[in-house]
Structure formats: C-alpha cells, structure tokens
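Here is the structure we will look at, set down as structure tokens.
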Amino acid sequence: MFVKTGAKSAIPGRESISPPTPDSRSRGTVYGVLFAIGLVHLFNDSMQAVIPAIMPILQDSMSLSYGQLGWILFAINFTASIMQPVIGLFADKRPTPALLPMAMASTLTGMLLLAYAPSYATVIVAVIFVGLGSAAFHPEGSRVSHMAAGPRRGLAQSIFQVGGNAGQSLAPLLTRLIFIPLGQFGAIWFTGLAALGIVIQIFIARWYGRTLKATAQARKAVVRKALNPAARKRILSAMLLLLLLVFVRSWYVTSVGSYYAFYLRDVFGVSIADAQIYVFLFLAAGAAGTLLGGPLADRFGKRNVLFASMLLAAPLTLALPYANLTWTGILLTLIGFILLSSFSVSVVYAQMLIPGRIGAVSGLVTGLAFGMGGIGGLVLGSWMDAAGVAAVMRFCSFLPLLGVITFLLPSDRKLNAWAEENGAEV
C-alpha cells in the first residue's frame, strides 16, 4: 500500500527512504510489446478454456456428476487465485522476467497430462498445472502491460485483457470443433500452442529485463510516507466494494461459461454441440467489451465504467431466464459485452487505489476473479445436482443487480486526490 516499490514497509508514523519506479506515463506506449503480451494472454487463456470446454466430454466418458465437474473448475481457478497475489508480491520485490516462459511451460505440462489422463484424479492434477501456469503468468503479464503502457493505461490493460477474454471465448468452439469429434485426446493439440507461447515469452522477457535495468538506472531516492489510519480505512472500504464487483461478475460468467450449455439442453432441447454457439456469443461479445472498456475508462473515468457495466447489465440478466431461444442469443451477446467491459477497468482501478504494487494488486484482482469463479463453479455445480440447472440459473440472474452497489466507489478524481495526499504517483 505504499507509494514506491523496492523497500520493506515503513514503521507506521515514520518515514523511510525508498527508490521509486519512474512514472511509466513519461515514456511512450510500446505497442509491439502490448500486442505480444496480449497474444500470449490469448494462448494462455485459450488453454485454460480447454478445462470448461472438455467438461461435457469428461462427464460422459467418466460418468461425472455436476458436483465433480465443479471440483475440476475449483481446482484450476482456486490454484490460480491463491498463487497469483503471492507471485505478484514476490514480483513487486524481485521482478523476474524468467517467470513468463516458465509459466507457459507449466501450462504445457498440464495440457500433456490432460490429453492422456486415465482417471478423474489425473485430470485434477493436470488442471492444477494449468492453474499454476496461469497464476505465474498473469501478475508478470500485467506488470509488462503497465510498463509498456506509457500514458494510456486503460487502453494497455484492455489490449492485455482482451487477449485473455478472447481466449476464454474459444471454450465453446473448442468443445464443438475439437473435443466432440476427437474426445479428451484433443488436448494434445494445445501443447504446440504452449510451445509457441514459450518462444514469444522469451522475447518479451528480454525486453522486460532490459527495461528493468533502464528503470533501475533512472531511480532517485525519495521520501516515502506510511499511510495514516484514515487513508488505510478509505482504501480498504473501496477495495472491498471493488472485490464485490469481481465476485458478482465471476459467478455470473462462470454460470454462463461453464453450465449454460446444460441449461439450453435441458430447457430448450438444444444439443451440447449447438449450445456452444450461444456460450460463444456471450464470451466473444465479452472480449469485444473488454477491448472497448479501457478506452472508455480513460475518457469517462474508471469508476463510471465499473458502475455502468453493472447498471446496464442487471435488467438484461433478469430478463434472460424468461426469453425464448432467439432472444436468449441476443441477450447473451448484450450481457457479455456490457458485463465484461469492466474486466480490464477493475484491474486499472485497483492499481490506482494502491499505487506502487502493480504485481500484487493485479494478482489479487485477477486471482480473486479466478478464485471466485472456481468457488462459484463448485457451489453452483453442487446446487444443480440438488435443485436442477434452471433454478440455479434463475438465481444467478440476480447477481449483477447486487453489483449496482459499486456506485459507492470513489471517483477517479478522489483516487488522484488521495494519492497526492500521500505523495503517490497513479
């Protein structure tokens, strides 16, 4: 929560000398690096999307219940959730470019195991490897995006995040085009994608290392102040509201991305293969919304975009359970675009809220999104076994309504004022 990185926490009430990170806004936007890290994010999250994509196949081949499918989601998402902020804290103290290719190597291992997994237990081990790779990639990827952003932080985070959301949107197409015809062994194709990701990560890591050295040479010693109790309380309250938004969004996205195909099968009699098209519409529209959300936040304010995404999505999600099949496709597209427009914005807002802790804050927000998605997958899957898919989907339709409370978040102007009070750069 301190202004500058590179030193241990100050004793409350005292001052300490700490070398700051030069303001990235003084440099230009490095679009080549941004698009490269966004492409690797697409690779990473498309392989992560293999897990929900393969679930209908595993349910049939291994005779799994919805609850057991929920444990698969929990394994990958909770692994990423726990490890992301831990790795982010480590990276804030000791940025490690080598983590980028190492993360992709872990994901490659998971894909290889998944292709040959003979049992449910082996599937769990495989998805843990994928989760660990994701956990290592996201904090350092967000740091690279921040370093390459220059003055356009919202746009930079959108370019980074749209790769991830585009990768996740491929899950239903993977089910339809790869796993239904090829079965579980179809996961072997993604080892080649991971290998290509490792090559790109090596080049990004070299740029990252050179930039770190240049940054270290440009540092100057400055006075860093400890946050006073009132400032800590304000920041904590705002962070809790932001995490509420992450919770609401994660549970809703999990309900649609992982289980909506089963809902369409049970309610409308749509085949699992055809149901993937509807899920794809939701996730692909979400990727487009992610790309637009950052520039809108740069222009109209981060808080305003966060609040608007919940306010505009809520009436559409409430109407969805009562729509016919045609309107279901239309509403899913609109909901995905609006709801996920806040994804990259929530990360940038958290970085503004706690300046100087890019890795830890990015790891916390994206890690919590994965963790909440994992818990949501487990809870919703178990609940579906007891109450049925349709009843649970009706419950999930109310979640974005809860997110409207984010209108209480401090405005961007307030965040800048808080930072100035404590000598921070945002």
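Simple scheme: letters A, B, ... for chains in structure tokens order, numbers from 1 for residues in each chain, numbers from 1 for ligands in the order shown.
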
May I have the residues within 10 Å of segment 64-72 of chain A as a ChimeraX atom specification, using only C-alpha atoms and disregarding those fewer than 4 positions away in the same chain?
/A:51-52,55-60,76-78,120-121,123-128,258-259,374-386,389

With the cut-off set at 10 Å and counting only C-alpha atoms, tabulate each residue of segment 15-84 of chain A with an atom at most that distance from an atom of segment 134-154 of chain A, showing the nearest atom pair and its distance in Å to one decimal, ordered by chain and increasing number, as CSV.
```
residue,atom,partner,partner_atom,distance
A:Pro22,CA,A:Met147,CA,9.9
A:Asp23,CA,A:Gly150,CA,8.5
A:Ser24,CA,A:Gly150,CA,5.2
A:Arg25,CA,A:Pro151,CA,4.1
A:Ser26,CA,A:Gly150,CA,6.5
A:Arg27,CA,A:Gly150,CA,5.0
A:Gly28,CA,A:Gly150,CA,4.6
A:Thr29,CA,A:Gly150,CA,4.3
A:Val30,CA,A:Ala148,CA,4.9
A:Tyr31,CA,A:Ala148,CA,7.3
A:Gly32,CA,A:Ala148,CA,8.9
A:Val33,CA,A:Ala148,CA,6.7
A:Leu34,CA,A:Ser145,CA,5.9
A:Phe35,CA,A:Ser145,CA,9.3
A:Ala36,CA,A:Ser145,CA,9.9
A:Ile37,CA,A:Gly141,CA,6.7
A:Gly38,CA,A:Ser145,CA,8.6
A:Val40,CA,A:Gly141,CA,9.0
A:His41,CA,A:Gly141,CA,7.9
A:Asn44,CA,A:Ser134,CA,6.9
A:Asp45,CA,A:Ser134,CA,7.8
A:Met47,CA,A:Ser134,CA,9.6
A:Gln48,CA,A:Ser134,CA,7.8
A:Ile76,CA,A:Ser134,CA,9.0
A:Asn77,CA,A:Ser134,CA,9.2
A:Phe78,CA,A:Ala135,CA,9.8
A:Thr79,CA,A:Ala135,CA,7.4
A:Ala80,CA,A:Ala135,CA,4.5
A:Ser81,CA,A:Ala135,CA,7.1
A:Ile82,CA,A:Ala135,CA,8.1
A:Met83,CA,A:Ala135,CA,5.6
A:Gln84,CA,A:Ala135,CA,4.5
```

Pick out the residues sitting within 8 Å of Arg394 of chain A, and hand them over as a ChimeraX atom specification; count only C-alpha atoms, and ignore anything fewer than 4 positions along from it in its own chain.
/A:318,321,390,398

Enter the distance from atom CA of Leu311 of chain A to atom CA of Val404 of chain A, in Å, rounded to one decimal.
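Atom-to-atom, atom CA of Leu311 of chain A to atom CA of Val404 of chain A, that is 5.6 Å.
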
Which residues come within 12 Å of Ala323 of chain A, counting only C-alpha atoms, excluding same-chain residues fewer than 5 positions away, as JSON, numbers by chain?
{"A": [264, 267, 268, 316, 317, 318, 328, 329, 330, 331, 332, 394]}

Rounded to one decimal place, report the atom CA of Leu296 of chain A-atom CA of Ala350 of chain A distance in Å.
16.7 Å

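Between Ile178 of chain A and the candidates A:Ala117, A:Ala273, A:Val345, A:Leu291, the tightest atom-to-atom separation, counting only C-alpha atoms, involves A:Ala273.
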
Counting only C-alpha atoms, the option among A:Val248, A:Leu100, A:Ala194, A:Val348 closest to Phe43 of chain A:
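Distance minimum relative to Phe43 of chain A lands on A:Ala194.
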
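Rounded to one decimal, atom CA of Ala238 of chain A and atom CA of Leu409 of chain A lie 5.8 Å from each other.
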
Across A:Thr107, A:Ser237, A:Thr96, A:Ser255, the smallest distance to Val130 of chain A, with only C-alpha atoms counted, is shown by A:Thr107

Ile202 of chain A surroundings by only C-alpha atoms, 9 Å radius, close-in-sequence under 6 positions cut, as an MDAnalysis selection string
chainID A and resid 97:98 100:101

Those of segment 149-259 of chain A in DSSP strand (DSSP E), formatted as a ChimeraX atom specification:
/A:222-225

Please write the residues from the selection above to a file, keeping all heavy atoms, as a compact mmCIF listing (two decimals), in the first residue's frame.
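In the end it all went to out-v9.txt:
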```
# COMPACT_ATOMS: atom_id res chain seq x y z
N VAL A 222 13.84 9.03 -2.78
CA VAL A 222 12.83 9.98 -2.35
C VAL A 222 12.27 9.53 -1.01
O VAL A 222 12.47 8.41 -0.57
CB VAL A 222 11.67 10.08 -3.37
CG1 VAL A 222 12.16 10.57 -4.70
CG2 VAL A 222 10.97 8.75 -3.51
N VAL A 223 11.53 10.44 -0.37
CA VAL A 223 10.90 10.12 0.90
C VAL A 223 9.57 9.43 0.65
O VAL A 223 8.76 9.86 -0.17
CB VAL A 223 10.68 11.40 1.72
CG1 VAL A 223 9.88 11.09 3.00
CG2 VAL A 223 12.02 12.02 2.09
N ARG A 224 9.35 8.33 1.32
CA ARG A 224 8.09 7.60 1.22
C ARG A 224 7.38 7.67 2.56
O ARG A 224 7.97 7.42 3.60
CB ARG A 224 8.35 6.14 0.84
CG ARG A 224 7.11 5.35 0.64
CD ARG A 224 7.42 3.91 0.29
NE ARG A 224 7.98 3.22 1.44
CZ ARG A 224 8.20 1.92 1.47
NH1 ARG A 224 7.96 1.19 0.41
NH2 ARG A 224 8.70 1.35 2.54
N LYS A 225 6.09 7.99 2.52
CA LYS A 225 5.32 8.12 3.75
C LYS A 225 4.46 6.89 3.99
O LYS A 225 3.95 6.30 3.06
CB LYS A 225 4.40 9.36 3.66
CG LYS A 225 5.15 10.67 3.55
CD LYS A 225 4.15 11.82 3.44
CE LYS A 225 4.87 13.15 3.30
NZ LYS A 225 3.91 14.27 3.18
```

If we count only C-alpha atoms, what is near Ala297 of chain A at a cut-off of 9 Å, once residues fewer than 5 positions away on the same chain are taken out, given as a list in words?
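Listing them by chain and then by number gives Gly154, Leu155, Leu292, Lys302, Arg303, Asn304, Val305, Leu306, Ser342 and Val345 of chain A.
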
Selection to disk with all heavy atoms, as an mmCIF file, in the first residue's frame:
```cif
data_model
loop_
_atom_site.group_PDB
_atom_site.id
_atom_site.type_symbol
_atom_site.label_atom_id
_atom_site.label_comp_id
_atom_site.auth_asym_id
_atom_site.auth_seq_id
_atom_site.Cartn_x
_atom_site.Cartn_y
_atom_site.Cartn_z
ATOM 1 N N GLY A 154 -5.474 2.571 -19.420
ATOM 2 C CA GLY A 154 -6.718 1.859 -19.674
ATOM 3 C C GLY A 154 -6.654 1.074 -20.976
ATOM 4 O O GLY A 154 -7.028 -0.101 -21.032
ATOM 5 N N LEU A 155 -6.163 1.709 -22.042
ATOM 6 C CA LEU A 155 -6.032 1.037 -23.330
ATOM 7 C C LEU A 155 -5.068 -0.139 -23.227
ATOM 8 O O LEU A 155 -5.344 -1.230 -23.750
ATOM 9 C CB LEU A 155 -5.539 2.022 -24.387
ATOM 10 C CG LEU A 155 -5.231 1.422 -25.772
ATOM 11 C CD1 LEU A 155 -6.493 0.826 -26.388
ATOM 12 C CD2 LEU A 155 -4.604 2.471 -26.688
ATOM 13 N N LEU A 292 -13.149 -2.392 -25.545
ATOM 14 C CA LEU A 292 -13.727 -1.052 -25.544
ATOM 15 C C LEU A 292 -13.703 -0.426 -24.154
ATOM 16 O O LEU A 292 -13.611 0.800 -24.017
ATOM 17 C CB LEU A 292 -15.175 -1.118 -26.049
ATOM 18 C CG LEU A 292 -15.908 0.212 -26.200
ATOM 19 C CD1 LEU A 292 -15.212 1.092 -27.233
ATOM 20 C CD2 LEU A 292 -17.357 -0.018 -26.585
ATOM 21 N N LYS A 302 -12.720 5.523 -14.603
ATOM 22 C CA LYS A 302 -12.778 4.093 -14.306
ATOM 23 C C LYS A 302 -14.014 3.749 -13.488
ATOM 24 O O LYS A 302 -14.727 2.786 -13.772
ATOM 25 C CB LYS A 302 -11.523 3.651 -13.549
ATOM 26 C CG LYS A 302 -10.281 3.417 -14.408
ATOM 27 C CD LYS A 302 -9.700 4.711 -14.929
ATOM 28 C CE LYS A 302 -8.403 4.490 -15.694
ATOM 29 N NZ LYS A 302 -7.906 5.743 -16.313
ATOM 30 N N ARG A 303 -14.286 4.537 -12.435
ATOM 31 C CA ARG A 303 -15.429 4.242 -11.576
ATOM 32 C C ARG A 303 -16.729 4.260 -12.371
ATOM 33 O O ARG A 303 -17.614 3.410 -12.170
ATOM 34 C CB ARG A 303 -15.493 5.264 -10.437
ATOM 35 C CG ARG A 303 -16.463 4.935 -9.280
ATOM 36 C CD ARG A 303 -17.911 5.270 -9.573
ATOM 37 N NE ARG A 303 -18.132 6.658 -9.915
ATOM 38 C CZ ARG A 303 -18.383 7.616 -9.024
ATOM 39 N NH1 ARG A 303 -18.463 7.322 -7.748
ATOM 40 N NH2 ARG A 303 -18.583 8.871 -9.420
ATOM 41 N N ASN A 304 -16.873 5.218 -13.274
ATOM 42 C CA ASN A 304 -18.110 5.348 -14.042
ATOM 43 C C ASN A 304 -18.356 4.131 -14.935
ATOM 44 O O ASN A 304 -19.490 3.660 -15.072
ATOM 45 C CB ASN A 304 -18.075 6.616 -14.895
ATOM 46 C CG ASN A 304 -18.059 7.871 -14.037
ATOM 47 O OD1 ASN A 304 -18.492 7.852 -12.889
ATOM 48 N ND2 ASN A 304 -17.547 8.959 -14.585
ATOM 49 N N VAL A 305 -17.294 3.583 -15.536
ATOM 50 C CA VAL A 305 -17.444 2.405 -16.378
ATOM 51 C C VAL A 305 -17.784 1.176 -15.537
ATOM 52 O O VAL A 305 -18.621 0.350 -15.926
ATOM 53 C CB VAL A 305 -16.163 2.178 -17.208
ATOM 54 C CG1 VAL A 305 -16.212 0.836 -17.938
ATOM 55 C CG2 VAL A 305 -15.969 3.302 -18.225
ATOM 56 N N LEU A 306 -17.154 1.054 -14.366
ATOM 57 C CA LEU A 306 -17.452 -0.073 -13.479
ATOM 58 C C LEU A 306 -18.926 -0.080 -13.076
ATOM 59 O O LEU A 306 -19.605 -1.121 -13.142
ATOM 60 C CB LEU A 306 -16.572 -0.009 -12.232
ATOM 61 C CG LEU A 306 -15.064 -0.210 -12.434
ATOM 62 C CD1 LEU A 306 -14.311 0.020 -11.129
ATOM 63 C CD2 LEU A 306 -14.767 -1.609 -12.972
ATOM 64 N N SER A 342 -16.052 -4.207 -17.973
ATOM 65 C CA SER A 342 -15.418 -3.728 -16.741
ATOM 66 C C SER A 342 -14.203 -4.548 -16.336
ATOM 67 O O SER A 342 -13.543 -4.229 -15.341
ATOM 68 C CB SER A 342 -16.439 -3.752 -15.594
ATOM 69 O OG SER A 342 -16.811 -5.091 -15.275
ATOM 70 N N VAL A 345 -10.888 -2.718 -16.628
ATOM 71 C CA VAL A 345 -11.033 -1.473 -15.862
ATOM 72 C C VAL A 345 -10.886 -1.741 -14.368
ATOM 73 O O VAL A 345 -10.305 -0.936 -13.630
ATOM 74 C CB VAL A 345 -12.389 -0.813 -16.160
ATOM 75 C CG1 VAL A 345 -12.528 0.506 -15.409
ATOM 76 C CG2 VAL A 345 -12.540 -0.583 -17.658
#
```

Could you pull out all residues of segment 25-270 of chain A with a DSSP call of alpha helix (DSSP H) and give them as a PyMOL selection string?
chain A and resi 31-48+50-62+66-93+99-116+120-148+153-169+171-174+180-182+189-218+229-268

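Considering only C-alpha atoms, the residue among A:Val256, A:Leu173, A:Leu240, A:Leu193 positioned nearest to Asp274 of chain A is A:Leu173.
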